[in-house]
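**Q** Mind looking over this structure? Questions follow.
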Protein chains: 2
Amino acid sequence: MRISELSAQTGVTVPTIKYYLREGLLPEGERTAPTQATYGERHVERLRVIRALLDARVSIAETRRVLEALDAAPANAHDLLGAAHAAVTPPLDEGLDLADAERLVAGLGWRPGMCDPAVLGDVARALAGLERAGFAVSDDVMPVYLDSARKIADAEIAGVPSESAEAAVRYVVLGSVLVEPLLLALRRVAQQVASAERFGGAEH
Amino acid sequence: MRISELSAQTGVTVPTIKYYLREGLLPEGERTAPTQATYGERHVERLRVIRALLDARVSIAETRRVLEALDAAPANAHDLLGAAHAAVTPPLDEGLDLADAERLVAGLGWRPGMCDPAVLGDVARALAGLERAGFAVSDDVMPVYLDSARKIADAEIAGVPSESAEAAVRYVVLGSVLVEPLLLALRRVAQQVASAERFGGAEH
């Protein structure tokens with residue numbers, strides 16, 4: 001199909017499609033003339049994934065790396081997960097102290113060397129951010145965070161499809177990133193429900 | 001203290017402090033001369049909160065609204081939570097279909113009218129993003145998300161301090177927003193741990 005049809009079918013404007021092509025997010029179409037190319041189903045699907053990632057506030061640079069992880073498709077699901085995480089995790093800052101983060105994630109079953117240090121760095125950065133703001137997660141709440149994270153991850157990893165590499169890639173790469181806004185939104189609704197129950201907020 | 005001392009004490013450069021003043025994130029200091037102002041402890045603390053919010057990828061505009069929620073300090077903790085959520089939640093798009101989101105959050109104990117429709121809109125947007133990307137959360141995993149969100153919220157809301165309004169404000173406003181990066185980072189580590197266990201990833 002032509003770029004105009006690709007646009008009509010996906011609802012993404014032609015200038016935006018051209019921008020994704022320039023940014024290397026969308027692979028080039030097949031050239032049919034010096035100024036014309038033809039696009040197929042994989043462009044339609046790729047555009048859907050790009051829009052979903054950008055809508056989930058993933059940056060252009062991170063989206064490019066997530067798509068690279070999708071395309072590279074390491075054979076091993078564990079390596080794939082690492083690639084997906086690395087795509088959306090800033091590199092480890094030198095001098096970031098990981099000791100508190102390591103102590104904390106021991107509660108997840110983590111042991112030294114078990115995961116990408118950059119992902120551990122994300123925990124350390126989050127803890128440092130809380131500390132800078134003078135906010136402490138209480139000893140009653142932190143175990144609930146750890147327990148919930150572990151239960152969520154167990155259910156998710158148990159569901160990694162084993163019938164095809166492509167299905168596993170989509171599940172791991174998109175599931176680890178795209179589900180984040182859903183989890184945060186569910187927490188906010190649950191907070192309002194729990195708050196209404198405790199503080200008797202207005203129910204219209 | 002002078003702006004240079006405020007900078008030295010917080011590690012935020014003078015041009016950045018001036019930027020926050022212009023953007024209305026940081027209240028003006030007390031004028032001591034036409035071109036000089038003096039700053040106090042509340043500026044130090046406010047700068048810490050601003051940095052923590054921006055580090056947590058909250059936008060400048062959202063940070064301004066979170067700080068307004070901190071300053072307005074509604075008397076009722078439930079209203080306060082609503083104000084904090086509203087500050088970081090985009091307004092409800094017209095035409096966004098909330099039916100699926102409403103069905104889903106019923107599993108959190110939510111009932112019609114119980115929470116800010118904008119927060120429900122966040123759930124609907126997250127679901128729409130997943131659908132656009134052709135990603136479905138399985139029936140085995142979704143109940144775990146709901147159960148975890150509810151357990152997390154219950155623990156958090158049970159911990160809202162009741163001894164002072166100021167403590168409640170800090171807890172609710174900062175806790176609801178600043179904890180998000182920690183929760184996402186813990187999920188990523190837990191996924192790597194669960195994945196190493198299932199797929200026998202390398203352990204160095």
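In the structure tokens, chains take letters A, B, ... by order of appearance, with residues numbered from 1 within each chain and ligands from 1 in the order shown.
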Just the residues within 6 Å of region 139-150 of chain B, please, counting only C-alpha atoms, with nothing from its chain fewer than 6 positions along; format it as a list of chain:residue names.

**A** A:Ser148, A:Ala155, A:Arg187, A:Ala190, B:Leu108

**Q** Pull out every residue of chain B that has at least one atom within 7 Å of chain A, counting only C-alpha atoms, and report them as a PyMOL selection string.

**A** chain B and resi 48-49+52+55+77-78+108-110+113-115+119-120+122-123+126-127+129-130+132-133+141+144-145+148-150+152-157+178+180-196+199+201+203-204

**Q** Go ahead and save the picked residues with C-alpha atoms, as a PDB file, in the first residue's frame.

**A**
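See again-v2.pdb below for the written result:
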ATOM      1  CA  ARG B  48      14.209  19.278  47.631  1.00  0.00           C
ATOM      2  CA  VAL B  49      10.608  18.449  46.779  1.00  0.00           C
ATOM      3  CA  ALA B  52      12.472  14.884  43.625  1.00  0.00           C
ATOM      4  CA  ASP B  55      13.653  13.487  38.898  1.00  0.00           C
ATOM      5  CA  ALA B  77      -7.341  13.604  53.448  1.00  0.00           C
ATOM      6  CA  HIS B  78      -9.635  12.161  50.786  1.00  0.00           C
ATOM      7  CA  LEU B 108     -10.752  -2.923  43.275  1.00  0.00           C
ATOM      8  CA  GLY B 109     -13.961  -2.294  45.189  1.00  0.00           C
ATOM      9  CA  TRP B 110     -14.732   0.750  43.040  1.00  0.00           C
ATOM     10  CA  GLY B 113     -19.097   7.992  41.437  1.00  0.00           C
ATOM     11  CA  MET B 114     -16.483   6.835  43.906  1.00  0.00           C
ATOM     12  CA  CYS B 115     -13.456   8.553  42.396  1.00  0.00           C
ATOM     13  CA  VAL B 119      -8.219   8.875  37.338  1.00  0.00           C
ATOM     14  CA  LEU B 120     -10.601   6.374  35.765  1.00  0.00           C
ATOM     15  CA  ASP B 122      -6.031   7.011  33.149  1.00  0.00           C
ATOM     16  CA  VAL B 123      -7.079   3.354  33.417  1.00  0.00           C
ATOM     17  CA  ALA B 126      -3.772   2.530  29.612  1.00  0.00           C
ATOM     18  CA  LEU B 127      -6.179  -0.169  28.395  1.00  0.00           C
ATOM     19  CA  GLY B 129      -2.769   1.786  24.673  1.00  0.00           C
ATOM     20  CA  LEU B 130      -2.422  -1.947  25.290  1.00  0.00           C
ATOM     21  CA  ARG B 132      -3.655  -0.471  20.118  1.00  0.00           C
ATOM     22  CA  ALA B 133      -0.379  -2.364  20.516  1.00  0.00           C
ATOM     23  CA  VAL B 141      -2.395 -11.989  35.367  1.00  0.00           C
ATOM     24  CA  VAL B 144      -2.955 -10.338  40.373  1.00  0.00           C
ATOM     25  CA  TYR B 145      -2.664  -6.691  39.237  1.00  0.00           C
ATOM     26  CA  SER B 148      -1.790  -6.103  44.350  1.00  0.00           C
ATOM     27  CA  ALA B 149      -3.090  -2.587  43.643  1.00  0.00           C
ATOM     28  CA  ARG B 150      -5.687  -2.991  46.349  1.00  0.00           C
ATOM     29  CA  ILE B 152      -0.723  -1.604  48.184  1.00  0.00           C
ATOM     30  CA  ALA B 153      -3.378   1.100  48.467  1.00  0.00           C
ATOM     31  CA  ASP B 154      -4.780  -0.359  51.692  1.00  0.00           C
ATOM     32  CA  ALA B 155      -1.352  -0.354  53.332  1.00  0.00           C
ATOM     33  CA  GLU B 156      -0.629   3.168  52.097  1.00  0.00           C
ATOM     34  CA  ILE B 157      -3.944   4.689  53.133  1.00  0.00           C
ATOM     35  CA  LEU B 178       7.116   9.888  44.218  1.00  0.00           C
ATOM     36  CA  GLU B 180       5.715   5.369  41.425  1.00  0.00           C
ATOM     37  CA  PRO B 181       9.309   5.034  40.123  1.00  0.00           C
ATOM     38  CA  LEU B 182      10.136   2.776  43.082  1.00  0.00           C
ATOM     39  CA  LEU B 183       7.203   0.471  42.387  1.00  0.00           C
ATOM     40  CA  LEU B 184       8.079   0.205  38.688  1.00  0.00           C
ATOM     41  CA  ALA B 185      11.754  -0.427  39.473  1.00  0.00           C
ATOM     42  CA  LEU B 186      10.856  -3.130  42.017  1.00  0.00           C
ATOM     43  CA  ARG B 187       8.635  -4.824  39.415  1.00  0.00           C
ATOM     44  CA  ARG B 188      11.519  -4.860  36.925  1.00  0.00           C
ATOM     45  CA  VAL B 189      13.913  -6.439  39.427  1.00  0.00           C
ATOM     46  CA  ALA B 190      11.245  -8.964  40.444  1.00  0.00           C
ATOM     47  CA  GLN B 191      10.678  -9.825  36.767  1.00  0.00           C
ATOM     48  CA  GLN B 192      14.393 -10.497  36.309  1.00  0.00           C
ATOM     49  CA  VAL B 193      14.451 -12.655  39.436  1.00  0.00           C
ATOM     50  CA  ALA B 194      11.340 -14.616  38.375  1.00  0.00           C
ATOM     51  CA  SER B 195      12.723 -14.922  34.848  1.00  0.00           C
ATOM     52  CA  ALA B 196      16.108 -16.184  36.086  1.00  0.00           C
ATOM     53  CA  PHE B 199      14.419 -19.656  32.313  1.00  0.00           C
ATOM     54  CA  GLY B 201      19.256 -17.064  33.147  1.00  0.00           C
ATOM     55  CA  GLU B 203      23.846 -16.005  37.444  1.00  0.00           C
ATOM     56  CA  HIS B 204      27.357 -14.710  37.769  1.00  0.00           C
TER      57      HIS B 204
END

**Q** Show me, as a PDB file with N, CA and C atoms, in the first residue's frame, the residues that have an atom within 12 Å of Arg31 (chain B) when counting only C-alpha atoms, minus same-chain residues fewer than 5 positions from it.

**A**
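Output file part.pdb is given in full below:
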ATOM      1  N   MET B   1      19.070  33.572  54.138  1.00  0.00           N
ATOM      2  CA  MET B   1      20.299  33.353  53.369  1.00  0.00           C
ATOM      3  C   MET B   1      20.146  33.934  51.964  1.00  0.00           C
ATOM      4  N   ARG B   2      21.280  34.214  51.315  1.00  0.00           N
ATOM      5  CA  ARG B   2      21.233  34.709  49.945  1.00  0.00           C
ATOM      6  C   ARG B   2      21.022  33.552  48.979  1.00  0.00           C
ATOM      7  N   ILE B   3      20.722  33.905  47.730  1.00  0.00           N
ATOM      8  CA  ILE B   3      20.450  32.877  46.728  1.00  0.00           C
ATOM      9  C   ILE B   3      21.691  31.989  46.523  1.00  0.00           C
ATOM     10  N   GLN B  36      17.792  42.263  45.654  1.00  0.00           N
ATOM     11  CA  GLN B  36      18.243  41.209  46.547  1.00  0.00           C
ATOM     12  C   GLN B  36      17.083  40.669  47.382  1.00  0.00           C
ATOM     13  N   ALA B  37      17.140  39.366  47.632  1.00  0.00           N
ATOM     14  CA  ALA B  37      16.102  38.749  48.452  1.00  0.00           C
ATOM     15  C   ALA B  37      16.767  37.742  49.370  1.00  0.00           C
ATOM     16  N   THR B  38      16.079  37.433  50.456  1.00  0.00           N
ATOM     17  CA  THR B  38      16.641  36.463  51.385  1.00  0.00           C
ATOM     18  C   THR B  38      15.724  35.235  51.452  1.00  0.00           C
ATOM     19  N   TYR B  39      16.346  34.063  51.596  1.00  0.00           N
ATOM     20  CA  TYR B  39      15.621  32.796  51.526  1.00  0.00           C
ATOM     21  C   TYR B  39      15.756  32.044  52.835  1.00  0.00           C
TER      22      TYR B  39
END

**Q** Just the number, please: distance in Å from CA of Gly29 (chain A) to CA of Thr63 (chain A), one decimal.

**A**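 So the answer is 19.5 Å.
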
**Q** CA of Arg65 (chain B) and CA of Ala84 (chain B) are how many Å apart?

**A**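 Those two atoms sit 8.0 Å apart.
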
**Q** Quick check, in Å to one decimal: how far apart do CA of Pro161 (chain B) and CA of Leu80 (chain B) lie?

**A** 12.9 Å

**Q** Once DSSP has gone over the backbone, tell me which residues of region 2-172 of chain B are in strand (DSSP E or B), as a list of chain:residue names.

**A**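 Strand (DSSP E or B) assignments inside region 2-172 of chain B correspond to B:Glu30, B:Arg31, B:Thr32, B:Ala33, B:Gln36, B:Ala37, B:Thr38.
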